[in-house]
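**Student:** What follows is target_2.cif, made up of mmCIF, C-alpha atoms:
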data_structure
#
loop_
_atom_site.label_atom_id
_atom_site.label_comp_id
_atom_site.auth_asym_id
_atom_site.auth_seq_id
_atom_site.Cartn_x
_atom_site.Cartn_y
_atom_site.Cartn_z
CA MET B 1 -2.13 -12.64 -21.59
CA PRO B 2 -2.55 -11.94 -17.89
CA ASN B 3 -1.39 -14.66 -15.53
CA LEU B 4 -4.05 -14.93 -12.83
CA GLN B 5 -3.99 -16.63 -9.45
CA ALA B 6 -5.82 -19.74 -8.36
CA PRO B 7 -9.00 -19.27 -6.29
CA GLY B 8 -8.42 -18.93 -2.55
CA GLU B 9 -4.84 -17.75 -2.65
CA LEU B 10 -3.87 -15.26 0.05
CA PHE B 11 -3.60 -12.29 -2.31
CA MET B 12 -5.26 -11.53 -5.59
CA HIS B 13 -2.34 -11.23 -7.92
CA CYS B 14 -1.74 -11.10 -11.63
CA THR B 15 1.06 -10.55 -14.09
CA VAL B 16 0.51 -8.58 -17.26
CA THR B 17 2.93 -8.65 -20.17
CA HIS B 18 3.46 -6.64 -23.34
CA VAL B 19 2.54 -3.31 -21.79
CA ARG B 20 4.61 -0.30 -20.85
CA LEU B 21 4.22 2.86 -18.86
CA ALA B 22 4.81 5.52 -21.50
CA GLY B 23 4.43 8.81 -19.64
CA LEU B 24 3.63 10.55 -16.36
CA ALA B 25 2.43 14.02 -15.38
CA VAL B 26 1.06 15.51 -12.16
CA SER B 27 -0.58 18.87 -11.55
CA THR B 28 -0.77 19.99 -7.95
CA GLY B 29 -2.91 22.47 -6.10
CA SER B 30 -1.61 26.02 -6.33
CA ALA B 31 -2.23 27.33 -2.82
CA VAL B 32 0.63 26.66 -0.41
CA ARG B 33 -0.30 25.94 3.22
CA ASP B 34 2.30 25.94 5.99
CA PHE B 35 1.75 23.53 8.87
CA ILE B 36 3.37 25.70 11.54
CA ALA B 37 1.77 28.97 10.41
CA ASP B 38 -1.69 27.39 10.12
CA GLY B 39 -1.33 25.77 13.53
CA LEU B 40 -0.28 28.98 15.21
CA ALA B 41 -3.23 30.75 13.60
CA ALA B 42 -5.48 28.03 15.05
CA GLY B 43 -4.08 28.67 18.51
CA VAL B 44 -1.87 25.57 18.78
CA GLU B 45 1.30 25.91 20.85
CA LEU B 46 4.52 26.22 18.82
CA GLY B 47 6.28 23.44 20.71
CA GLN B 48 3.46 21.01 19.99
CA LEU B 49 3.48 21.98 16.30
CA GLU B 50 7.24 21.52 16.03
CA ARG B 51 6.98 18.10 17.70
CA VAL B 52 4.38 16.93 15.20
CA ALA B 53 6.23 18.50 12.27
CA LYS B 54 9.42 16.70 13.21
CA THR B 55 7.89 13.33 14.03
CA VAL B 56 5.27 13.04 11.30
CA GLY B 57 7.04 15.14 8.69
CA LEU B 58 4.42 17.82 8.16
CA ARG B 59 5.82 21.01 6.61
CA LYS B 60 3.91 22.32 3.62
CA ARG B 61 1.13 21.15 1.37
CA ARG B 62 -0.47 22.41 -1.81
CA VAL B 63 -4.24 22.61 -1.95
CA ALA B 64 -6.49 23.42 -4.87
CA ALA B 65 -7.47 27.02 -5.48
CA PRO B 66 -11.16 27.84 -5.01
CA GLY B 67 -13.26 26.32 -7.77
CA VAL B 68 -10.56 23.90 -8.92
CA THR B 69 -11.48 20.21 -8.72
CA ALA B 70 -9.73 16.89 -9.19
CA LEU B 71 -11.13 16.84 -12.72
CA ASP B 72 -9.44 20.16 -13.50
CA LEU B 73 -6.13 19.02 -12.02
CA CYS B 74 -6.20 15.75 -13.96
CA GLU B 75 -7.23 17.46 -17.19
CA ASP B 76 -4.27 19.82 -16.88
CA ALA B 77 -1.93 16.90 -16.22
CA ALA B 78 -3.37 14.96 -19.17
CA ARG B 79 -3.09 17.88 -21.59
CA ARG B 80 0.51 18.57 -20.57
CA LEU B 81 1.38 14.89 -20.93
CA LEU B 82 -0.20 14.55 -24.37
CA ASP B 83 1.45 17.80 -25.50
CA GLU B 84 4.85 16.67 -24.27
CA MET B 85 4.48 13.31 -26.00
CA GLY B 86 3.06 14.80 -29.20
CA ILE B 87 0.08 12.49 -28.99
CA ASP B 88 -3.33 13.33 -30.39
CA ALA B 89 -6.15 12.67 -27.93
CA SER B 90 -8.06 10.80 -30.63
CA SER B 91 -5.49 7.99 -30.41
CA ILE B 92 -6.47 7.15 -26.82
CA ASP B 93 -8.47 3.93 -26.66
CA ALA B 94 -9.85 4.26 -23.13
CA VAL B 95 -9.78 6.57 -20.14
CA ILE B 96 -9.89 5.45 -16.51
CA PHE B 97 -10.48 8.03 -13.78
CA VAL B 98 -9.66 7.26 -10.14
CA THR B 99 -11.13 9.62 -7.57
CA GLN B 100 -13.25 9.92 -4.45
CA THR B 101 -13.89 13.62 -5.01
CA PRO B 102 -15.76 13.71 -8.34
CA ASP B 103 -17.37 16.85 -9.69
CA HIS B 104 -20.81 15.25 -9.50
CA SER B 105 -22.45 12.05 -8.30
CA GLN B 106 -23.52 11.70 -11.95
CA PRO B 107 -22.00 11.73 -14.52
CA ASN B 108 -18.58 10.48 -13.50
CA ASN B 109 -15.34 12.38 -14.01
CA ALA B 110 -14.17 9.87 -16.63
CA SER B 111 -17.02 10.84 -18.94
CA LEU B 112 -16.48 14.54 -18.30
CA LEU B 113 -12.76 14.21 -19.06
CA HIS B 114 -13.59 12.20 -22.17
CA GLY B 115 -15.65 15.14 -23.37
CA ARG B 116 -13.14 17.80 -22.38
CA LEU B 117 -10.30 16.06 -24.20
CA GLY B 118 -12.44 15.21 -27.22
CA LEU B 119 -11.74 11.50 -27.15
CA SER B 120 -13.08 9.13 -29.74
CA LYS B 121 -16.58 7.69 -29.26
CA SER B 122 -15.00 4.26 -29.50
CA ALA B 123 -13.02 4.97 -26.33
CA PRO B 124 -14.78 3.80 -23.16
CA ALA B 125 -14.55 6.01 -20.07
CA PHE B 126 -15.06 4.62 -16.60
CA GLU B 127 -14.31 5.44 -13.01
CA LEU B 128 -12.81 3.69 -10.00
CA SER B 129 -14.01 5.09 -6.69
CA MET B 130 -10.78 4.55 -4.81
CA GLY B 131 -8.43 6.70 -2.78
CA CYS B 132 -4.82 6.22 -1.78
CA SER B 133 -4.52 2.72 -3.27
CA GLY B 134 -6.24 3.79 -6.48
CA TRP B 135 -3.32 4.50 -8.77
CA VAL B 136 -2.15 0.87 -8.57
CA TYR B 137 -5.69 -0.38 -9.20
CA GLY B 138 -6.01 1.96 -12.15
CA LEU B 139 -2.65 0.90 -13.52
CA GLN B 140 -3.69 -2.74 -13.33
CA GLN B 141 -6.94 -2.02 -15.17
CA ALA B 142 -5.11 0.02 -17.82
CA ALA B 143 -2.53 -2.73 -18.27
CA LEU B 144 -5.25 -5.37 -18.60
CA LEU B 145 -7.08 -3.27 -21.19
CA CYS B 146 -3.88 -3.02 -23.21
CA ALA B 147 -2.85 -6.65 -22.82
CA HIS B 148 -6.24 -8.27 -23.10
CA GLY B 149 -8.95 -5.72 -23.73
CA GLY B 150 -8.32 -4.53 -27.25
CA ALA B 151 -6.73 -1.20 -26.31
CA ALA B 152 -3.34 0.00 -27.49
CA ARG B 153 -3.20 3.21 -25.45
CA VAL B 154 -5.01 3.94 -22.18
CA LEU B 155 -5.07 7.19 -20.23
CA LEU B 156 -5.20 6.74 -16.47
CA CYS B 157 -6.07 9.82 -14.44
CA ALA B 158 -5.97 9.66 -10.65
CA GLY B 159 -6.45 12.50 -8.24
CA ASP B 160 -8.40 14.03 -5.41
CA THR B 161 -9.13 17.27 -3.58
CA LEU B 162 -9.33 15.78 -0.10
CA SER B 163 -8.51 19.14 1.47
CA ARG B 164 -12.12 20.07 0.69
CA LEU B 165 -13.40 17.24 2.89
CA THR B 166 -11.39 17.89 6.03
CA ASN B 167 -12.45 20.31 8.76
CA PRO B 168 -9.92 23.11 9.38
CA GLY B 169 -10.66 22.64 13.06
CA ASP B 170 -9.55 18.99 12.95
CA ARG B 171 -5.86 19.32 13.67
CA ALA B 172 -5.35 15.54 13.51
CA THR B 173 -6.51 15.17 9.90
CA ASP B 174 -6.72 18.51 8.12
CA PRO B 175 -2.96 19.25 7.99
CA LEU B 176 -2.22 15.94 6.27
CA PHE B 177 -3.80 16.43 2.87
CA GLY B 178 -2.82 18.17 -0.33
CA ASP B 179 -4.63 18.16 -3.67
CA ALA B 180 -3.32 16.86 -6.99
CA GLY B 181 -4.28 15.21 -10.25
CA SER B 182 -2.13 12.78 -12.23
CA ALA B 183 -2.07 11.47 -15.78
CA THR B 184 -0.40 8.18 -16.70
CA LEU B 185 -0.24 6.80 -20.22
CA VAL B 186 -0.10 3.03 -20.60
CA GLU B 187 0.58 1.42 -23.98
CA ARG B 188 0.62 -2.02 -25.51
CA THR B 189 4.04 -3.01 -26.75
CA GLY B 190 5.95 -6.02 -27.96
CA HIS B 191 8.92 -5.94 -25.68
CA ALA B 192 8.21 -4.59 -22.21
CA ALA B 193 9.01 -6.52 -19.04
CA PRO B 194 6.06 -7.90 -17.08
CA PHE B 195 4.00 -5.83 -14.68
CA HIS B 196 3.10 -7.65 -11.46
CA PHE B 197 0.17 -6.71 -9.25
CA VAL B 198 -1.11 -7.76 -5.85
CA LEU B 199 -4.45 -6.34 -4.70
CA GLY B 200 -6.41 -6.73 -1.49
CA ALA B 201 -9.06 -5.25 0.76
CA ASP B 202 -10.30 -5.43 4.34
CA GLY B 203 -13.82 -4.07 4.25
CA ALA B 204 -14.32 -4.84 7.93
CA GLY B 205 -12.13 -1.84 8.61
CA ALA B 206 -13.89 0.46 6.19
CA GLY B 207 -15.12 2.73 8.96
CA SER B 208 -11.55 3.70 9.85
CA ILE B 209 -11.51 6.25 7.02
CA MET B 210 -14.91 7.64 6.20
CA VAL B 211 -17.00 10.61 5.19
CA PRO B 212 -20.20 9.54 6.94
CA ALA B 213 -22.67 11.93 5.32
CA GLY B 214 -23.28 13.29 1.86
CA GLY B 215 -24.14 10.02 0.12
CA ALA B 216 -27.33 8.05 -0.27
CA ARG B 217 -27.15 6.50 3.22
CA GLN B 218 -27.05 9.84 5.03
CA PRO B 219 -27.76 12.72 2.65
CA ALA B 220 -26.18 16.08 3.34
CA ALA B 221 -28.40 18.27 5.49
CA GLU B 222 -28.13 21.01 8.05
CA ALA B 223 -27.90 18.39 10.78
CA THR B 224 -24.93 16.67 9.13
CA ARG B 225 -22.99 19.95 9.33
CA LEU B 226 -23.35 20.31 13.10
CA GLU B 227 -19.85 20.20 14.56
CA THR B 228 -18.76 18.07 17.48
CA ILE B 229 -15.50 18.26 19.42
CA ASP B 230 -13.49 15.11 20.12
CA ALA B 231 -11.37 14.29 23.19
CA GLU B 232 -8.38 16.13 21.73
CA GLY B 233 -10.37 19.25 20.89
CA ASN B 234 -10.68 18.60 17.17
CA ARG B 235 -13.83 19.96 15.50
CA LEU B 236 -15.55 17.94 12.80
CA HIS B 237 -18.97 17.11 11.39
CA ALA B 238 -20.51 14.22 9.50
CA GLU B 239 -19.66 15.61 6.06
CA ASN B 240 -15.95 15.76 6.95
CA LEU B 241 -13.32 13.16 6.24
CA GLN B 242 -12.89 11.29 9.53
CA MET B 243 -9.93 9.03 10.15
CA ASN B 244 -8.95 6.76 13.02
CA GLY B 245 -5.20 7.24 12.72
CA ALA B 246 -4.23 4.40 15.05
CA GLU B 247 -6.43 1.85 13.29
CA VAL B 248 -5.19 2.94 9.88
CA PHE B 249 -1.61 2.69 11.12
CA ASN B 250 -2.27 -0.83 12.42
CA PHE B 251 -3.79 -1.80 9.07
CA THR B 252 -0.83 -0.37 7.19
CA LEU B 253 1.75 -2.21 9.29
CA ARG B 254 -0.25 -5.42 9.03
CA GLU B 255 -1.01 -5.50 5.30
CA VAL B 256 1.44 -3.38 3.32
CA PRO B 257 4.69 -5.24 4.06
CA ASP B 258 3.03 -8.56 3.20
CA ALA B 259 1.67 -7.13 -0.05
CA VAL B 260 5.06 -5.67 -0.97
CA ASN B 261 6.80 -8.95 -0.20
CA ALA B 262 4.19 -10.88 -2.19
CA VAL B 263 4.55 -8.74 -5.30
CA MET B 264 8.35 -8.88 -5.10
CA LYS B 265 8.18 -12.65 -4.79
CA GLN B 266 5.95 -12.71 -7.85
CA ALA B 267 8.56 -10.66 -9.71
CA GLY B 268 11.39 -12.82 -8.40
CA TRP B 269 13.03 -9.82 -6.76
CA THR B 270 14.44 -9.03 -3.35
CA ALA B 271 14.68 -5.54 -1.88
CA SER B 272 18.26 -5.33 -3.13
CA ASP B 273 17.13 -6.03 -6.71
CA ALA B 274 14.65 -3.17 -6.78
CA ASP B 275 15.74 0.39 -7.51
CA ALA B 276 13.06 1.95 -5.32
CA LEU B 277 10.07 1.27 -3.12
CA VAL B 278 7.56 4.01 -3.87
CA LEU B 279 4.89 3.97 -1.20
CA HIS B 280 1.74 6.04 -1.07
CA GLN B 281 2.93 9.31 0.40
CA ALA B 282 0.78 9.30 3.53
CA ASN B 283 3.34 11.01 5.75
CA ARG B 284 7.04 10.62 6.51
CA PHE B 285 6.42 8.67 9.72
CA ILE B 286 4.33 6.00 8.00
CA ILE B 287 6.58 5.78 4.94
CA SER B 288 9.75 5.35 6.99
CA THR B 289 8.12 2.82 9.31
CA VAL B 290 6.67 0.73 6.48
CA GLY B 291 9.78 1.02 4.32
CA ARG B 292 11.90 -0.27 7.17
CA LYS B 293 9.51 -3.15 7.79
CA CYS B 294 9.64 -4.02 4.07
CA GLY B 295 13.42 -4.26 4.31
CA PHE B 296 14.19 -1.25 2.14
CA PRO B 297 16.86 1.30 3.08
CA ALA B 298 15.72 4.90 3.45
CA ASP B 299 17.61 6.00 0.34
CA LYS B 300 15.48 3.65 -1.77
CA THR B 301 12.21 4.82 -0.24
CA PRO B 302 11.22 8.31 -1.46
CA MET B 303 9.51 10.35 1.24
CA ASP B 304 10.43 13.99 0.64
CA ILE B 305 7.46 14.71 -1.60
CA VAL B 306 4.93 14.53 1.19
CA GLU B 307 6.63 17.32 3.17
CA GLN B 308 6.24 19.67 0.21
CA TYR B 309 2.85 18.67 -1.15
CA GLY B 310 0.98 16.75 1.55
CA ASN B 311 -0.86 13.45 1.20
CA GLN B 312 -2.18 13.59 -2.37
CA SER B 313 -4.33 10.45 -2.23
CA SER B 314 -4.20 8.48 -5.50
CA ALA B 315 -1.87 11.04 -7.13
CA SER B 316 0.89 10.57 -4.56
CA ILE B 317 2.70 7.61 -6.15
CA PRO B 318 3.01 9.18 -9.63
CA CYS B 319 4.02 12.44 -7.94
CA ALA B 320 6.75 10.66 -5.99
CA LEU B 321 7.90 8.85 -9.13
CA ILE B 322 8.31 12.19 -10.91
CA ASP B 323 9.86 14.05 -7.99
CA ALA B 324 12.28 11.42 -6.76
CA LEU B 325 13.01 9.36 -9.86
CA GLY B 326 11.91 11.45 -12.81
CA ASP B 327 15.39 12.24 -14.14
CA ARG B 328 16.43 8.58 -14.06
CA LEU B 329 13.13 7.33 -15.49
CA GLN B 330 13.50 9.58 -18.54
CA THR B 331 16.71 7.89 -19.56
CA SER B 332 16.77 4.33 -18.27
CA PRO B 333 14.61 1.48 -17.03
CA LEU B 334 14.20 1.13 -13.27
CA LYS B 335 12.87 -1.75 -11.22
CA ILE B 336 10.08 -0.13 -9.25
CA VAL B 337 8.04 -1.55 -6.40
CA ALA B 338 5.05 0.61 -5.48
CA CYS B 339 2.24 0.22 -2.97
CA GLY B 340 -0.85 2.28 -2.38
CA PHE B 341 -2.97 1.80 0.72
CA GLY B 342 -5.82 3.53 2.46
CA VAL B 343 -9.56 4.05 2.33
CA GLY B 344 -11.55 0.88 1.92
CA LEU B 345 -9.50 -0.39 3.60
CA SER B 346 -7.63 -1.42 0.50
CA TRP B 347 -4.16 -1.90 -0.85
CA GLY B 348 -2.48 -2.47 -4.17
CA ALA B 349 1.14 -3.36 -4.82
CA PHE B 350 3.02 -3.19 -8.11
CA ALA B 351 6.40 -4.47 -9.24
CA GLY B 352 7.69 -3.80 -12.70
CA GLU B 353 10.45 -2.37 -14.78
CA ILE B 354 9.45 1.03 -16.11
CA GLY B 355 11.30 3.57 -18.24
CA PRO B 356 12.61 5.16 -20.22
CA LEU B 357 9.42 7.17 -20.33
CA VAL B 358 8.22 10.74 -20.77
CA VAL B 359 8.18 12.56 -17.43
CA VAL B 360 6.50 15.95 -17.37
CA PRO B 361 7.71 18.26 -14.57
CA LEU B 362 5.41 18.81 -11.58
CA ARG B 363 3.46 22.04 -11.88
CA PRO B 364 0.73 23.74 -9.88
CA PHE B 365 -2.61 24.40 -11.54
CA PRO B 366 -3.50 27.10 -12.31
CA ALA B 367 0.12 27.79 -13.22
CA ILE B 368 1.72 30.40 -10.96
CA THR B 369 3.27 33.12 -13.12
CA MET G 1 14.79 -6.98 28.54
CA ASN G 2 13.71 -6.27 32.13
CA ARG G 3 11.00 -3.82 33.15
CA VAL G 4 13.40 -0.89 33.60
CA GLN G 5 14.92 -1.51 30.19
CA GLN G 6 11.46 -1.80 28.68
CA LEU G 7 10.53 1.61 30.11
CA GLN G 8 13.75 3.18 28.88
CA ALA G 9 13.24 1.77 25.41
CA LEU G 10 9.66 3.04 25.36
CA GLN G 11 10.77 6.51 26.46
CA ALA G 12 13.42 6.58 23.74
CA ASP G 13 10.74 6.17 21.07
CA VAL G 14 7.83 8.05 22.64
CA ASP G 15 9.10 11.52 23.48
CA VAL G 16 6.18 12.58 25.66
CA LEU G 17 7.01 9.81 28.16
CA ALA G 18 10.45 11.22 28.95
CA GLY G 19 10.83 11.51 32.72
CA ALA G 20 7.73 9.44 33.42
CA ASP G 21 7.60 6.38 35.65
CA GLU G 22 5.22 3.45 35.70
CA ALA G 23 2.78 5.29 37.95
CA THR G 24 2.57 8.36 35.73
CA ARG G 25 -0.97 8.94 34.56
CA LEU G 26 -1.20 9.37 30.80
CA ASP G 27 -4.05 11.87 30.99
CA GLY G 28 -1.78 14.08 33.06
CA LEU G 29 0.81 14.37 30.29
CA PRO G 30 0.27 17.56 28.28
CA SER G 31 1.21 16.00 24.96
CA TRP G 32 -0.43 12.61 25.34
CA ASP G 33 -2.35 12.60 22.07
CA SER G 34 -3.09 10.57 18.93
CA LEU G 35 0.50 10.99 17.73
CA ALA G 36 1.82 9.57 21.00
CA ILE G 37 -0.46 6.56 20.52
CA LEU G 38 0.99 5.99 17.04
CA LEU G 39 4.49 6.16 18.48
CA VAL G 40 3.60 3.52 21.08
CA ILE G 41 2.17 1.23 18.40
CA SER G 42 5.28 1.75 16.26
CA HIS G 43 7.55 1.06 19.24
CA PHE G 44 5.80 -2.23 20.03
CA GLU G 45 5.96 -3.30 16.40
CA HIS G 46 9.58 -2.31 15.85
CA VAL G 47 11.20 -3.22 19.16
CA HIS G 48 9.04 -6.07 20.42
CA LYS G 49 7.49 -7.37 17.15
CA ILE G 50 4.08 -7.16 18.78
CA GLU G 51 0.99 -5.72 17.14
CA ILE G 52 -1.14 -3.69 19.52
CA THR G 53 -4.18 -1.62 18.59
CA GLY G 54 -5.02 2.00 19.19
CA ALA G 55 -7.90 0.85 21.37
CA GLN G 56 -5.52 -1.08 23.63
CA VAL G 57 -3.33 1.96 24.09
CA ARG G 58 -6.26 4.30 24.64
CA ALA G 59 -7.50 1.97 27.39
CA CYS G 60 -4.24 2.41 29.32
CA ARG G 61 -4.39 4.79 32.29
CA THR G 62 -0.72 4.77 33.31
CA VAL G 63 2.68 4.16 31.76
CA GLY G 64 2.70 0.87 33.66
CA ASP G 65 -0.48 -0.15 31.85
CA ILE G 66 1.35 0.29 28.54
CA LEU G 67 4.23 -1.88 29.70
CA ALA G 68 1.73 -4.46 30.88
CA LEU G 69 0.73 -4.96 27.24
CA LEU G 70 4.09 -6.69 26.92
CA SER G 71 3.43 -9.13 29.73
CA PRO G 72 1.67 -11.92 27.85
CA CYS G 73 4.65 -12.08 25.51
CA SER G 74 7.61 -11.33 27.80
#
Before we go any further, please render this structure as structure tokens.
**Tutor:**
Amino acid sequence: MPNLQAPGELFMHCTVTHVRLAGLAVSTGSAVRDFIADGLAAGVELGQLERVAKTVGLRKRRVAAPGVTALDLCEDAARRLLDEMGIDASSIDAVIFVTQTPDHSQPNNASLLHGRLGLSKSAPAFELSMGCSGWVYGLQQAALLCAHGGAARVLLCAGDTLSRLTNPGDRATDPLFGDAGSATLVERTGHAAPFHFVLGADGAGAGSIMVPAGGARQPAAEATRLETIDAEGNRLHAENLQMNGAEVFNFTLREVPDAVNAVMKQAGWTASDADALVLHQANRFIISTVGRKCGFPADKTPMDIVEQYGNQSSASIPCALIDALGDRLQTSPLKIVACGFGVGLSWGAFAGEIGPLVVVPLRPFPAIT
Amino acid sequence: MNRVQQLQALQADVDVLAGADEATRLDGLPSWDSLAILLVISHFEHVHKIEITGAQVRACRTVGDILALLSPCS
């Protein structure tokens, strides 16, 4: 049974028992982009590029090949995970898809994945339109379905192709993002340690990360693709992902440490009890700043993944779990604190003991031979 | 921390302010950009435990204006 909070408490929190995280897989984009090379090609001075690379931690990122979508990346991750675990897709009781870059406005990616994998008609498929905080939200929903919703096995897929939304002429935003799709299998069990969640949102700041056009409010049109140039010379139009970096940074510093502390308090842990703090891999600068403010040493706060793959939106936490902790998670339980944060503005924090579990190695899709 | 120490601490965290003084105009610095603004916000949070917004930093015209953001609290 989930343990829910009383109305009016500072954070929405809950604890879910008798569930476990059974497996993880992530498929990344296959095209490698180099921050310095791309910047030089765009006419940016080398010294300026090196300064940003060093301070923010921008090196390389992997973006989806032409024609490849978040659905394709997540399907590949899901198939590899099910193959590795020897699980038949018909045994999945529900599928949750987390994305802000769906193939279509209708139907949702969850239904399309349901069809591609050949899931049972008794398995519901639904979508969460969330970005960088989305994996934690999806994990909470999957855990609740297992603990309280009649499911024994839930497939959570989370991923985005945000590189398609940025303008190559926007040097403040475009170099940040990579593309990836993740698959996480959550199962009901009799023995697992509790999963703790803290969720929150600040919709007043929603405009800080936005794609203004392309939806019902401002449909895509020729006029919404007219580029403007900002004070720093960045080109962008209304169908591009637009981000106020300073406001998002303020939001992150204000909300994430409190959410992390709240979920650790719920778990009865301190930073020294936890094996790792796995933050959404926004960039090295943000991860190191937030990790420090949360009281975690750098060696417990993975941040290398983002320099190789870029900001992978809702796939970044599972990707960091695999890259930084995969070997240990395959053999032993670890006390993991995780926090996703971003578009919405929204945040979700998790604390729980996970492992041993099946960890499928990171791989680009399509596979590079 | 006196004003000179505040400036030195700021310069240690915000590389583009190296060699600047309080009268230095920010729009005259070649690398005064959105990253520099993030570094200022981070410096205030980490060193002074003060939350300032991007809008407050963007409204500053000189290095002295940035240091003045400390005044209500110093």
**Student:** Would you kindly return, as a count of residues only, each protein, DNA or RNA residue with an atom no farther than 6 Å from any atom of stretch 163-174 of chain B, considering all atoms listed in the file and excluding same-chain residues fewer than 2 positions away?
**Tutor:** 8
**Student:** Applied to this file, what does the PyMOL selection byres ((chain B) within 10 of (chain G)) return in terms of residues, put as a list in words?
**Tutor:**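 Against this file, the PyMOL selection byres ((chain B) within 10 of (chain G)) returns the residues Gly47, Gln48, Arg51, Val52, Thr55, Val56, Ala172, Ala231, Glu232, Asn244, Gly245, Ala246, Glu247, Val248, Phe249, Asn250, Phe251, Leu253, Arg254, Phe285, Ile286, Thr289, Val290, Arg292 and Lys293 of chain B.
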**Student:** List the residues sitting within 12 Å of (13.7, 3.4, 32.5) in the file's frame, using all atoms listed in the file, as a list of chain:residue names.
**Tutor:**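 It turns out the residues near that spot are G:Met1, G:Asn2, G:Arg3, G:Val4, G:Gln5, G:Gln6, G:Leu7, G:Gln8, G:Ala9, G:Leu10, G:Gln11, G:Ala12, G:Leu17, G:Ala18, G:Gly19, G:Ala20, G:Asp21, G:Glu22, G:Val63, G:Gly64, G:Leu67.
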**Student:** Write out, as a PDB file, keeping the file's coordinate frame, the residues just selected, with C-alpha atoms.
**Tutor:**
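Printed below is out.pdb as written:
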ATOM      1  CA  MET G   1      14.790  -6.980  28.540  1.00  0.00           C
ATOM      2  CA  ASN G   2      13.710  -6.270  32.130  1.00  0.00           C
ATOM      3  CA  ARG G   3      11.000  -3.820  33.150  1.00  0.00           C
ATOM      4  CA  VAL G   4      13.400  -0.890  33.600  1.00  0.00           C
ATOM      5  CA  GLN G   5      14.920  -1.510  30.190  1.00  0.00           C
ATOM      6  CA  GLN G   6      11.460  -1.800  28.680  1.00  0.00           C
ATOM      7  CA  LEU G   7      10.530   1.610  30.110  1.00  0.00           C
ATOM      8  CA  GLN G   8      13.750   3.180  28.880  1.00  0.00           C
ATOM      9  CA  ALA G   9      13.240   1.770  25.410  1.00  0.00           C
ATOM     10  CA  LEU G  10       9.660   3.040  25.360  1.00  0.00           C
ATOM     11  CA  GLN G  11      10.770   6.510  26.460  1.00  0.00           C
ATOM     12  CA  ALA G  12      13.420   6.580  23.740  1.00  0.00           C
ATOM     13  CA  LEU G  17       7.010   9.810  28.160  1.00  0.00           C
ATOM     14  CA  ALA G  18      10.450  11.220  28.950  1.00  0.00           C
ATOM     15  CA  GLY G  19      10.830  11.510  32.720  1.00  0.00           C
ATOM     16  CA  ALA G  20       7.730   9.440  33.420  1.00  0.00           C
ATOM     17  CA  ASP G  21       7.600   6.380  35.650  1.00  0.00           C
ATOM     18  CA  GLU G  22       5.220   3.450  35.700  1.00  0.00           C
ATOM     19  CA  VAL G  63       2.680   4.160  31.760  1.00  0.00           C
ATOM     20  CA  GLY G  64       2.700   0.870  33.660  1.00  0.00           C
ATOM     21  CA  LEU G  67       4.230  -1.880  29.700  1.00  0.00           C
TER      22      LEU G  67
END
**Student:** Spell out the residues picked by the PyMOL selection byres ((chain B and resi 272) around 10) here, as a list in words.
**Tutor:**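 Evaluating the PyMOL selection byres ((chain B and resi 272) around 10) on this file yields Trp269, Thr270, Ala271, Asp273, Ala274, Asp275, Ala276, Gly295, Phe296, Pro297 and Lys300 of chain B.
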**Student:** If you keep C-alpha atoms, can you produce a file of those selected residues as a PDB file, in the coordinates of the input?
**Tutor:**
ATOM      1  CA  TRP B 269      13.030  -9.820  -6.760  1.00  0.00           C
ATOM      2  CA  THR B 270      14.440  -9.030  -3.350  1.00  0.00           C
ATOM      3  CA  ALA B 271      14.680  -5.540  -1.880  1.00  0.00           C
ATOM      4  CA  ASP B 273      17.130  -6.030  -6.710  1.00  0.00           C
ATOM      5  CA  ALA B 274      14.650  -3.170  -6.780  1.00  0.00           C
ATOM      6  CA  ASP B 275      15.740   0.390  -7.510  1.00  0.00           C
ATOM      7  CA  ALA B 276      13.060   1.950  -5.320  1.00  0.00           C
ATOM      8  CA  GLY B 295      13.420  -4.260   4.310  1.00  0.00           C
ATOM      9  CA  PHE B 296      14.190  -1.250   2.140  1.00  0.00           C
ATOM     10  CA  PRO B 297      16.860   1.300   3.080  1.00  0.00           C
ATOM     11  CA  LYS B 300      15.480   3.650  -1.770  1.00  0.00           C
TER      12      LYS B 300
END
**Student:** Figure out the distance between atom CA of B:Arg33 and atom CA of B:Val306, please, to one decimal in Å.
**Tutor:**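 We find that atom CA of B:Val306 and atom CA of B:Arg33 lie 12.7 Å from each other.
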**Student:** Name the residues in contact with B:Trp135 at a cut-off of 7 Å, using only C-alpha atoms, excluding same-chain residues fewer than 2 positions from it; report them as an MDAnalysis selection string.
**Tutor:** chainID B and resid 133 137:139 158 314:315
**Student:** Starting from the displayed file, determine the output of the PyMOL selection byres ((chain B and resi 90-102) around 7) and express the residue list as a ChimeraX atom specification.
**Tutor:** /B:70,88-89,103-105,108-110,119-120,123-131,134,138,151-161
**Student:** Would you list the contacts of stretch 204-213 of chain B as a PyMOL selection string, taking every protein, DNA or RNA residue within 6 Å and counting only C-alpha atoms, but skipping same-chain residues closer than 6 positions in sequence?
**Tutor:** chain B and resi 219-220+238-244+343-345
**Student:** Using only C-alpha atoms for the distances, tell me which of B:Gly310, B:Gly29, B:Gly355, B:Gly43 is nearest to B:Asp72.
**Tutor:** B:Gly29
**Student:** Go through B:Leu144, B:Ala216, B:Ile287, B:Ile368 and flag the residue nearest B:Cys14, using all atoms listed in the file for the distances.
**Tutor:**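 With all atoms listed in the file as the atom set, the closest residue is B:Leu144.
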**Student:** Which neighbours of B:Gly352 fall inside 12 Å, counting only C-alpha atoms, when residues of the same chain fewer than 2 positions from it are skipped, and could you give them as a PyMOL selection string?
**Tutor:** chain B and resi 14-21+136+139-140+143+192-198+263-269+273-278+333-339+349-350+354-355
